[in-house]
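Remarks on the structure that follows.
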Amino acid sequence: MNILVTGGAGYIGSHTCIALLEAGHKIIVADNLCNSKAETVDKIKQITNKEVTFYQIDVTDEKALDYVFSNHSIDGVIHFAGLKSVGESVEKPLEYYYNNLVATMVLCKACRNYGVKKFVFSSSATVYGDNRVPFEEAMKLLPTTNPYGETKTMIERILTDIAKVSQDWSVALLRYFNPVGAHESGLIGEAPNGVPNNLMPYITKVAKGELEKLYIFGDDYPTVDGTGVRDYIHVMDIAEGHVAALDKLTSGVHIYNLGTGEGTSVLQLVKTFEEVNNIEIPYEIVERRTGDIAICYADTSKAKKELGWTTKRGIVEMCRDSWAFKTNYKG
Ligand code: NAD
Ligand code: WQD
């Protein structure tokens, strides 16, 4: 299939481009590079030895997107393009609602105009809010405490409403848990600017000596060691989950958790990173971070049953590959 990948130069998008190309699909990447670099597209070509068509465009730009659709016979879209920082979304709610919602609606209009009926969307486990674990797809969604999370809930709703009246549309809402790790080549991975918000990029910056120590947000949660528990998932497993979803997509709206089903605490992740990479990570326990939940992990049975997809990599691989990318990366 010819797949349009919006946000394909970004962290999860670039890994998914590799999985798509390796599965025999052709890809067209549309990204405005607001949080990524053009060289990532070259790395995708280098890793796969395949062609990638790249458009540096903003997906909110109707004319620019129309040009892309008119130039290619697109069979389906995977929509990664969006702003994703929880903290920044609290500071800049208008930018987040505008970018994430308008990009999705402009993309849906182009799909309708050009008869593209397969749509895969990057949603997030954040839409479950503080539900009981494990999170199941059928659960009632709860408030997410930040504009970023609300854009995910709203976009899921928009796509569901569109699919209700356009019954030949096939929509997959993929709820990612905590993507970490990097492609096994060490050539692409996650490289946030400045001080990272997320745990793994923070750990690799401490490991490289770019930050002095890790601040662990709370050790009084009702968990195995008091620190927060998350379902970390290797980004290549997430990438392969998209290929599985695309291949199995049938009409209607299908929601899948992309997680491992295993919870890991902050301290467990830090210890594993230290052991796997033989590097000490100094840390200090500080106050809980506002908006954090104690435990988050997926029920993965639906994706396994319906997509035949399960994760192949564990936290050892996640720690190894995150560090390999970090040591390689010059940026
Ligand atoms: P990322 O920032 O690395 O990738 C997003 C890409 O979209 C970037 O390359 C950025 O330049 C591009 N982009 C943003 N707005 C755009 C626009 N209007 N037009 C064109 N391009 C635009 O983030 P990521 O971690 O790869 O996340 C990809 C998607 O997955 C996002 O929608 C994010 O919300 C979602 N998601 C991420 C996580 C996570 O923890 N990383 C978890 C759940 C869901
Ligand atoms: C993981 C654990 C922290 C940093 C976020 C978004 C979510 C999704 C994935 C997009 C928590 C602890 C972290 C640090 C720490 N993104 N921590 N010190 O918060 O589970 O999820 O990314 O959809 O929407 O909210 O991920 O990596 O920030 O935190 O102790 O410096 O690590 O408290 O327990 P989170 P995270």
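Identifiers in the structure tokens: chain A, B, ... in order shown; residue index from 1 per chain; ligand index from 1 in order shown.
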Sorted by chain and rising residue number, which residues of range 131-212 of chain A lie within 9 Å of range 117-123 of chain A, and what are their closest atom pairs and distances in Å to one decimal, counting only C-alpha atoms, as CSV?
```
residue,atom,partner,partner_atom,distance
A:Lys152,CA,A:Ser123,CA,5.7
A:Thr153,CA,A:Ser123,CA,8.0
A:Ile155,CA,A:Ser123,CA,8.4
A:Glu156,CA,A:Ser123,CA,7.5
A:Leu159,CA,A:Phe119,CA,8.8
A:Ser166,CA,A:Lys117,CA,8.8
A:Asp168,CA,A:Lys117,CA,6.7
A:Trp169,CA,A:Lys117,CA,4.6
A:Ser170,CA,A:Lys118,CA,4.9
A:Val171,CA,A:Phe119,CA,4.8
A:Ala172,CA,A:Val120,CA,4.7
A:Leu173,CA,A:Phe121,CA,5.0
A:Leu174,CA,A:Ser123,CA,5.3
A:Arg175,CA,A:Ser123,CA,4.5
A:Tyr176,CA,A:Ser123,CA,6.3
```
Using the selection just defined, write its residues with C-alpha atoms as a PDB file, in the first residue's frame.
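Ended up saving to out_4.pdb:
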```pdb
ATOM      1  CA  LYS A 152      -6.307  12.751  22.190  1.00  0.00           C
ATOM      2  CA  THR A 153      -9.751  12.120  23.683  1.00  0.00           C
ATOM      3  CA  ILE A 155      -9.623  13.333  18.250  1.00  0.00           C
ATOM      4  CA  GLU A 156     -10.758   9.806  19.109  1.00  0.00           C
ATOM      5  CA  LEU A 159     -12.766  10.031  14.165  1.00  0.00           C
ATOM      6  CA  SER A 166     -18.816   7.130   6.530  1.00  0.00           C
ATOM      7  CA  ASP A 168     -16.658   2.441   4.496  1.00  0.00           C
ATOM      8  CA  TRP A 169     -14.005   4.123   6.668  1.00  0.00           C
ATOM      9  CA  SER A 170     -11.667   1.873   8.643  1.00  0.00           C
ATOM     10  CA  VAL A 171     -10.199   3.612  11.658  1.00  0.00           C
ATOM     11  CA  ALA A 172      -7.684   2.277  14.168  1.00  0.00           C
ATOM     12  CA  LEU A 173      -7.180   4.232  17.380  1.00  0.00           C
ATOM     13  CA  LEU A 174      -3.898   3.001  18.808  1.00  0.00           C
ATOM     14  CA  ARG A 175      -3.376   3.849  22.462  1.00  0.00           C
ATOM     15  CA  TYR A 176       0.340   3.809  23.151  1.00  0.00           C
TER      16      TYR A 176
END
```
Legend entry - DSSP helix (DSSP H, G or I) residues within range 231-318 of chain A, listed as a ChimeraX atom specification: /A:235-248,266-277,301-307,315-318
Inset, instruction - Could you give me the residues within 6 Å of ligand 1, counting only C-alpha atoms and all ligand atoms, as a list in words? - result: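 Those residues are Gly7, Ala9, Gly10, Tyr11, Ile12, Gly13, Asp31, Asn32, Leu33, Cys34, Asn35, Ser36, Ile57, Asp58, Val59, Thr60, Phe80, Ala81, Gly82, Leu83, Lys84, Asn99, Ala103, Ser122, Ser123, Ser124, Tyr176, Asn178 and Pro179 of chain A.
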Legend entry - Selected residue of minimal separation from ligand 2 among A:Thr227, A:Thr300, A:Thr272, A:Thr327, counting only C-alpha atoms and all ligand atoms: A:Thr227
Inset, instruction - Might you pull out every residue within 12 Å of Thr311 in chain A, with only C-alpha atoms counted and same-chain residues fewer than 4 positions away left off, and present them as a ChimeraX atom specification? - result: /A:179,231-241,244,257-262,300-301,303-304,307,315,317-318
Inset, instruction - Can you work out which one of A:Glu22, A:Asp321, A:Asp225, A:Glu39 has the shortest atom-to-atom distance to ligand 2, counting only C-alpha atoms and all ligand atoms? - result: A:Asp225
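In this comparison, which uses only C-alpha atoms, the residue of A:Thr40, A:Asn278, A:Thr160, A:Thr264 approaching Tyr329 in chain A most closely is A:Thr40.
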Inset, instruction - Run DSSP on the backbone and grab whatever in range 236-298 of chain A lands in strand (DSSP E); send it over as a ChimeraX atom specification. - result: /A:252-258,264-265,283-286
Would you output that residue set with N, CA and C atoms, as a CSV table (one decimal), in the first residue's frame?
```csv
chain,number,residue,atom,x,y,z
A,252,GLY,N,-15.2,0.4,10.2
A,252,GLY,CA,-15.6,0.7,11.6
A,252,GLY,C,-14.4,1.3,12.3
A,253,VAL,N,-14.6,1.4,13.7
A,253,VAL,CA,-13.6,2.0,14.5
A,253,VAL,C,-13.0,0.9,15.4
A,254,HIS,N,-11.7,0.7,15.5
A,254,HIS,CA,-11.1,-0.3,16.3
A,254,HIS,C,-10.1,0.3,17.2
A,255,ILE,N,-10.2,0.0,18.5
A,255,ILE,CA,-9.3,0.6,19.4
A,255,ILE,C,-8.4,-0.5,20.0
A,256,TYR,N,-7.1,-0.2,20.0
A,256,TYR,CA,-6.1,-1.2,20.5
A,256,TYR,C,-5.1,-0.5,21.4
A,257,ASN,N,-4.9,-1.2,22.5
A,257,ASN,CA,-3.7,-0.8,23.4
A,257,ASN,C,-2.5,-1.3,22.8
A,258,LEU,N,-1.4,-0.5,22.7
A,258,LEU,CA,-0.1,-0.9,22.3
A,258,LEU,C,0.8,-0.8,23.6
A,264,THR,N,6.5,-1.5,35.2
A,264,THR,CA,7.8,-1.4,35.7
A,264,THR,C,7.9,-0.1,36.5
A,265,SER,N,8.5,-0.2,37.7
A,265,SER,CA,8.6,1.1,38.5
A,265,SER,C,9.8,1.9,38.0
A,283,TYR,N,20.6,9.5,41.6
A,283,TYR,CA,19.2,10.0,41.7
A,283,TYR,C,18.9,10.5,43.1
A,284,GLU,N,17.8,11.3,43.1
A,284,GLU,CA,17.3,11.9,44.3
A,284,GLU,C,15.8,11.8,44.3
A,285,ILE,N,15.2,11.3,45.4
A,285,ILE,CA,13.7,11.3,45.5
A,285,ILE,C,13.2,12.7,45.8
A,286,VAL,N,12.3,13.2,45.0
A,286,VAL,CA,11.6,14.5,45.3
A,286,VAL,C,10.1,14.3,45.3
```
Give me the chain A side of the contact with ligand 2, cut-off 7 Å, one line per residue showing its nearest atom pair and distance in Å at one decimal, counting only C-alpha atoms and all ligand atoms, sorted by chain and residue number, as a tab-separated table.
```
residue	atom	partner	partner_atom_place_in_ligand_line	distance
A:Lys84	CA	ligand 2	10 (C)	5.9
A:Val86	CA	ligand 2	25 (O)	5.9
A:Ser123	CA	ligand 2	23 (O)	6.9
A:Ser124	CA	ligand 2	23 (O)	4.5
A:Ala125	CA	ligand 2	23 (O)	6.6
A:Thr126	CA	ligand 2	24 (O)	4.7
A:Gly149	CA	ligand 2	24 (O)	6.2
A:Tyr176	CA	ligand 2	23 (O)	7.0
A:Phe177	CA	ligand 2	9 (C)	6.4
A:Asn178	CA	ligand 2	9 (C)	4.9
A:Asn197	CA	ligand 2	28 (O)	5.4
A:Asn198	CA	ligand 2	27 (O)	3.3
A:Leu199	CA	ligand 2	4 (C)	3.8
A:Met200	CA	ligand 2	27 (O)	6.3
A:Tyr202	CA	ligand 2	31 (O)	5.8
A:Leu214	CA	ligand 2	31 (O)	6.0
A:Tyr215	CA	ligand 2	18 (N)	5.1
A:Ile216	CA	ligand 2	30 (O)	3.3
A:Phe217	CA	ligand 2	30 (O)	4.0
A:Gly218	CA	ligand 2	30 (O)	6.9
A:Thr227	CA	ligand 2	34 (O)	6.4
A:Gly228	CA	ligand 2	34 (O)	3.6
A:Val229	CA	ligand 2	34 (O)	5.8
A:Arg230	CA	ligand 2	20 (O)	6.0
A:Val266	CA	ligand 2	32 (O)	5.5
A:Arg288	CA	ligand 2	33 (O)	6.8
A:Arg289	CA	ligand 2	33 (O)	5.9
A:Asp292	CA	ligand 2	33 (O)	6.0
A:Ala294	CA	ligand 2	34 (O)	6.8
```
Let me see the file: selected residues, N, CA and C atoms, as a compact mmCIF listing (two decimals), in the first residue's frame.
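Saved result, part-v2.txt, follows:
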```txt
# COMPACT_ATOMS: atom_id res chain seq x y z
N LYS A 84 3.22 17.12 21.62
CA LYS A 84 3.04 16.02 22.58
C LYS A 84 3.56 16.25 24.00
N VAL A 86 3.18 17.24 27.63
CA VAL A 86 2.10 17.45 28.60
C VAL A 86 2.23 18.82 29.28
N SER A 123 -3.08 7.49 19.36
CA SER A 123 -3.68 7.96 20.61
C SER A 123 -2.77 7.56 21.76
N SER A 124 -3.26 7.69 22.95
CA SER A 124 -2.38 7.53 24.11
C SER A 124 -3.13 6.90 25.27
N ALA A 125 -2.40 6.18 26.10
CA ALA A 125 -2.98 5.61 27.32
C ALA A 125 -3.46 6.71 28.26
N THR A 126 -3.02 7.93 28.02
CA THR A 126 -3.45 9.04 28.87
C THR A 126 -4.97 9.20 28.88
N GLY A 149 -3.62 15.71 26.63
CA GLY A 149 -4.43 14.49 26.78
C GLY A 149 -5.84 14.69 26.25
N TYR A 176 -1.02 4.21 22.75
CA TYR A 176 0.34 3.81 23.15
C TYR A 176 0.50 3.97 24.65
N PHE A 177 1.25 3.07 25.24
CA PHE A 177 1.62 3.23 26.64
C PHE A 177 2.92 4.06 26.69
N ASN A 178 4.00 3.62 27.26
CA ASN A 178 5.17 4.51 27.34
C ASN A 178 6.26 4.06 26.36
N ASN A 197 11.20 15.82 29.61
CA ASN A 197 10.10 15.61 30.57
C ASN A 197 9.98 14.13 30.90
N ASN A 198 10.31 13.29 29.93
CA ASN A 198 10.06 11.85 30.10
C ASN A 198 11.25 11.14 30.72
N LEU A 199 10.95 10.03 31.35
CA LEU A 199 11.95 9.34 32.17
C LEU A 199 13.17 8.83 31.39
N MET A 200 12.95 8.06 30.33
CA MET A 200 14.10 7.43 29.66
C MET A 200 15.07 8.46 29.06
N TYR A 202 15.61 11.33 30.11
CA TYR A 202 16.28 11.97 31.24
C TYR A 202 17.41 11.06 31.74
N LEU A 214 19.14 12.16 38.30
CA LEU A 214 17.71 11.99 38.02
C LEU A 214 16.92 12.38 39.26
N TYR A 215 15.83 13.11 39.05
CA TYR A 215 14.92 13.40 40.16
C TYR A 215 13.74 12.45 40.03
N ILE A 216 13.55 11.60 41.01
CA ILE A 216 12.44 10.64 40.96
C ILE A 216 11.25 11.26 41.68
N PHE A 217 10.14 11.35 40.93
CA PHE A 217 8.98 12.08 41.42
C PHE A 217 8.12 11.22 42.34
N GLY A 218 8.52 11.12 43.58
CA GLY A 218 7.70 10.45 44.60
C GLY A 218 8.09 9.01 44.83
N THR A 227 7.66 3.96 43.90
CA THR A 227 7.80 4.85 42.74
C THR A 227 6.76 4.47 41.67
N GLY A 228 6.49 5.40 40.76
CA GLY A 228 5.43 5.23 39.77
C GLY A 228 5.67 4.03 38.85
N VAL A 229 4.59 3.35 38.49
CA VAL A 229 4.69 2.16 37.63
C VAL A 229 4.10 2.48 36.26
N ARG A 230 4.85 2.13 35.20
CA ARG A 230 4.40 2.36 33.83
C ARG A 230 4.65 1.13 32.97
N VAL A 266 9.82 3.14 38.47
CA VAL A 266 10.94 4.01 38.10
C VAL A 266 12.25 3.40 38.59
N ARG A 288 6.11 14.26 44.49
CA ARG A 288 5.34 13.74 43.34
C ARG A 288 5.18 14.85 42.29
N ARG A 289 5.07 14.48 41.03
CA ARG A 289 4.81 15.45 39.96
C ARG A 289 3.29 15.61 39.82
N ASP A 292 0.51 13.21 37.83
CA ASP A 292 0.95 11.82 37.64
C ASP A 292 -0.03 10.85 38.31
N ALA A 294 -0.44 6.76 39.79
CA ALA A 294 0.49 5.82 40.43
C ALA A 294 0.90 4.70 39.47
```
Inset, instruction - Kindly indicate which residue among A:Glu306, A:Asp220, A:Asp61, A:Glu210 lies nearest to Ile281 in chain A, using only C-alpha atoms for the distances. - result: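 Using only C-alpha atoms, Ile281 in chain A sits closest to A:Glu210.
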Inset, instruction - Might you pull out every residue within 12 Å of Pro147 in chain A, with only C-alpha atoms counted and same-chain residues fewer than 5 positions away left off, and present them as a list in words? - result: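 Counting only C-alpha atoms, the residues come to Leu83, Lys84, Ser85, Val86, Gly87, Glu88, Ser89, Val90, Glu91, Lys92, Pro93, Leu94, Glu95, Tyr96, Tyr97, Tyr98, Asn99, Asn100, Leu101, Thr126, Val127, Lys152, Thr153, Met154 and Gly291 of chain A.
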Inset, instruction - Go through A:Val276, A:Leu246, A:Val206, A:Val133 one by one, measure the shortest atom-to-atom distance of each to His25 in chain A using only C-alpha atoms, and give the residue with the smallest value. - result: A:Leu246
Inset, instruction - Please identify all polymer residues within 10 Å of Ala110 in chain A, counting only C-alpha atoms, omitting same-chain residues fewer than 3 positions from it, and present them as a PyMOL selection string. - result: chain A and resi 62-63+65-70+104-107+113-116
For the selection just defined, write its residues with all heavy atoms to a file, as a compact mmCIF listing (two decimals), in the first residue's frame.
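Result went into selection.txt, see below:
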```
# COMPACT_ATOMS: atom_id res chain seq x y z
N GLU A 62 -4.26 23.32 4.44
CA GLU A 62 -5.13 22.55 3.52
C GLU A 62 -4.58 22.45 2.11
O GLU A 62 -4.62 21.38 1.49
CB GLU A 62 -6.51 23.21 3.46
CG GLU A 62 -7.46 22.62 4.48
CD GLU A 62 -8.90 23.08 4.28
OE1 GLU A 62 -9.60 22.53 3.41
OE2 GLU A 62 -9.30 23.99 5.02
N LYS A 63 -4.06 23.57 1.63
CA LYS A 63 -3.56 23.60 0.23
C LYS A 63 -2.36 22.69 0.08
O LYS A 63 -2.24 21.94 -0.90
CB LYS A 63 -3.15 25.03 -0.16
CG LYS A 63 -4.30 25.83 -0.68
CD LYS A 63 -3.78 27.00 -1.48
CE LYS A 63 -4.96 27.82 -1.96
NZ LYS A 63 -4.78 29.25 -1.69
N LEU A 65 -1.53 20.15 1.88
CA LEU A 65 -1.89 18.74 2.02
C LEU A 65 -2.63 18.25 0.76
O LEU A 65 -2.41 17.13 0.30
CB LEU A 65 -2.78 18.56 3.27
CG LEU A 65 -2.88 17.12 3.77
CD1 LEU A 65 -1.52 16.58 4.21
CD2 LEU A 65 -3.85 17.03 4.93
N ASP A 66 -3.44 19.12 0.20
CA ASP A 66 -4.15 18.77 -1.03
C ASP A 66 -3.14 18.44 -2.14
O ASP A 66 -3.33 17.49 -2.91
CB ASP A 66 -5.05 19.94 -1.45
CG ASP A 66 -5.95 19.55 -2.61
OD1 ASP A 66 -6.97 18.91 -2.35
OD2 ASP A 66 -5.57 19.84 -3.77
N TYR A 67 -2.07 19.22 -2.19
CA TYR A 67 -1.03 18.99 -3.19
C TYR A 67 -0.44 17.58 -3.03
O TYR A 67 -0.25 16.86 -4.02
CB TYR A 67 0.06 20.06 -3.03
CG TYR A 67 1.21 19.90 -3.99
CD1 TYR A 67 1.07 20.26 -5.33
CD2 TYR A 67 2.43 19.36 -3.56
CE1 TYR A 67 2.12 20.09 -6.22
CE2 TYR A 67 3.47 19.19 -4.45
CZ TYR A 67 3.32 19.55 -5.77
OH TYR A 67 4.36 19.38 -6.65
N VAL A 68 -0.20 17.16 -1.79
CA VAL A 68 0.36 15.83 -1.54
C VAL A 68 -0.63 14.76 -2.00
O VAL A 68 -0.26 13.82 -2.71
CB VAL A 68 0.68 15.65 -0.03
CG1 VAL A 68 1.15 14.22 0.26
CG2 VAL A 68 1.74 16.65 0.41
N PHE A 69 -1.89 14.92 -1.62
CA PHE A 69 -2.89 13.91 -2.01
C PHE A 69 -3.08 13.87 -3.52
O PHE A 69 -3.31 12.80 -4.10
CB PHE A 69 -4.24 14.19 -1.32
CG PHE A 69 -4.34 13.61 0.07
CD1 PHE A 69 -3.70 14.21 1.14
CD2 PHE A 69 -5.08 12.45 0.31
CE1 PHE A 69 -3.79 13.67 2.43
CE2 PHE A 69 -5.18 11.91 1.59
CZ PHE A 69 -4.53 12.52 2.64
N SER A 70 -2.98 15.03 -4.17
CA SER A 70 -3.20 15.04 -5.62
C SER A 70 -2.02 14.42 -6.37
O SER A 70 -2.16 13.98 -7.50
CB SER A 70 -3.46 16.47 -6.11
OG SER A 70 -2.28 17.23 -5.95
N THR A 104 -5.78 17.19 12.38
CA THR A 104 -6.59 15.97 12.18
C THR A 104 -7.77 16.25 11.27
O THR A 104 -8.07 15.45 10.36
CB THR A 104 -7.09 15.45 13.54
OG1 THR A 104 -5.96 15.28 14.39
CG2 THR A 104 -7.82 14.12 13.38
N MET A 105 -8.43 17.37 11.47
CA MET A 105 -9.63 17.66 10.66
C MET A 105 -9.26 17.96 9.21
O MET A 105 -9.95 17.50 8.29
CB MET A 105 -10.42 18.80 11.31
CG MET A 105 -11.07 18.33 12.61
SD MET A 105 -12.18 19.50 13.36
CE MET A 105 -11.06 20.53 14.25
N VAL A 106 -8.16 18.68 9.01
CA VAL A 106 -7.70 18.95 7.64
C VAL A 106 -7.34 17.63 6.95
O VAL A 106 -7.69 17.40 5.79
CB VAL A 106 -6.51 19.95 7.67
CG1 VAL A 106 -5.82 20.02 6.32
CG2 VAL A 106 -7.00 21.33 8.10
N LEU A 107 -6.69 16.76 7.69
CA LEU A 107 -6.30 15.46 7.13
C LEU A 107 -7.55 14.63 6.79
O LEU A 107 -7.62 13.99 5.73
CB LEU A 107 -5.41 14.73 8.14
CG LEU A 107 -4.86 13.38 7.74
CD1 LEU A 107 -3.99 13.47 6.48
CD2 LEU A 107 -4.00 12.79 8.89
N ASN A 113 -11.98 13.89 0.47
CA ASN A 113 -11.93 14.40 -0.91
C ASN A 113 -11.30 13.41 -1.88
O ASN A 113 -11.64 13.37 -3.05
CB ASN A 113 -11.14 15.71 -0.96
CG ASN A 113 -11.87 16.83 -0.25
OD1 ASN A 113 -13.07 16.71 0.02
ND2 ASN A 113 -11.17 17.90 0.09
N TYR A 114 -10.32 12.65 -1.38
CA TYR A 114 -9.57 11.76 -2.28
C TYR A 114 -9.94 10.28 -2.07
O TYR A 114 -9.25 9.40 -2.58
CB TYR A 114 -8.06 11.97 -2.10
CG TYR A 114 -7.61 13.28 -2.72
CD1 TYR A 114 -7.65 14.46 -2.00
CD2 TYR A 114 -7.19 13.33 -4.05
CE1 TYR A 114 -7.27 15.68 -2.58
CE2 TYR A 114 -6.81 14.53 -4.64
CZ TYR A 114 -6.85 15.70 -3.90
OH TYR A 114 -6.48 16.89 -4.48
N GLY A 115 -10.99 10.01 -1.33
CA GLY A 115 -11.48 8.64 -1.18
C GLY A 115 -10.52 7.72 -0.42
O GLY A 115 -10.50 6.51 -0.64
N VAL A 116 -9.74 8.31 0.51
CA VAL A 116 -8.85 7.48 1.34
C VAL A 116 -9.62 7.05 2.58
O VAL A 116 -10.14 7.89 3.32
CB VAL A 116 -7.57 8.27 1.73
CG1 VAL A 116 -6.68 7.43 2.63
CG2 VAL A 116 -6.83 8.71 0.48
```
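Interatomic distance, CA of Pro192 in chain A against CA of Asp299 in chain A: 28.9 Å.
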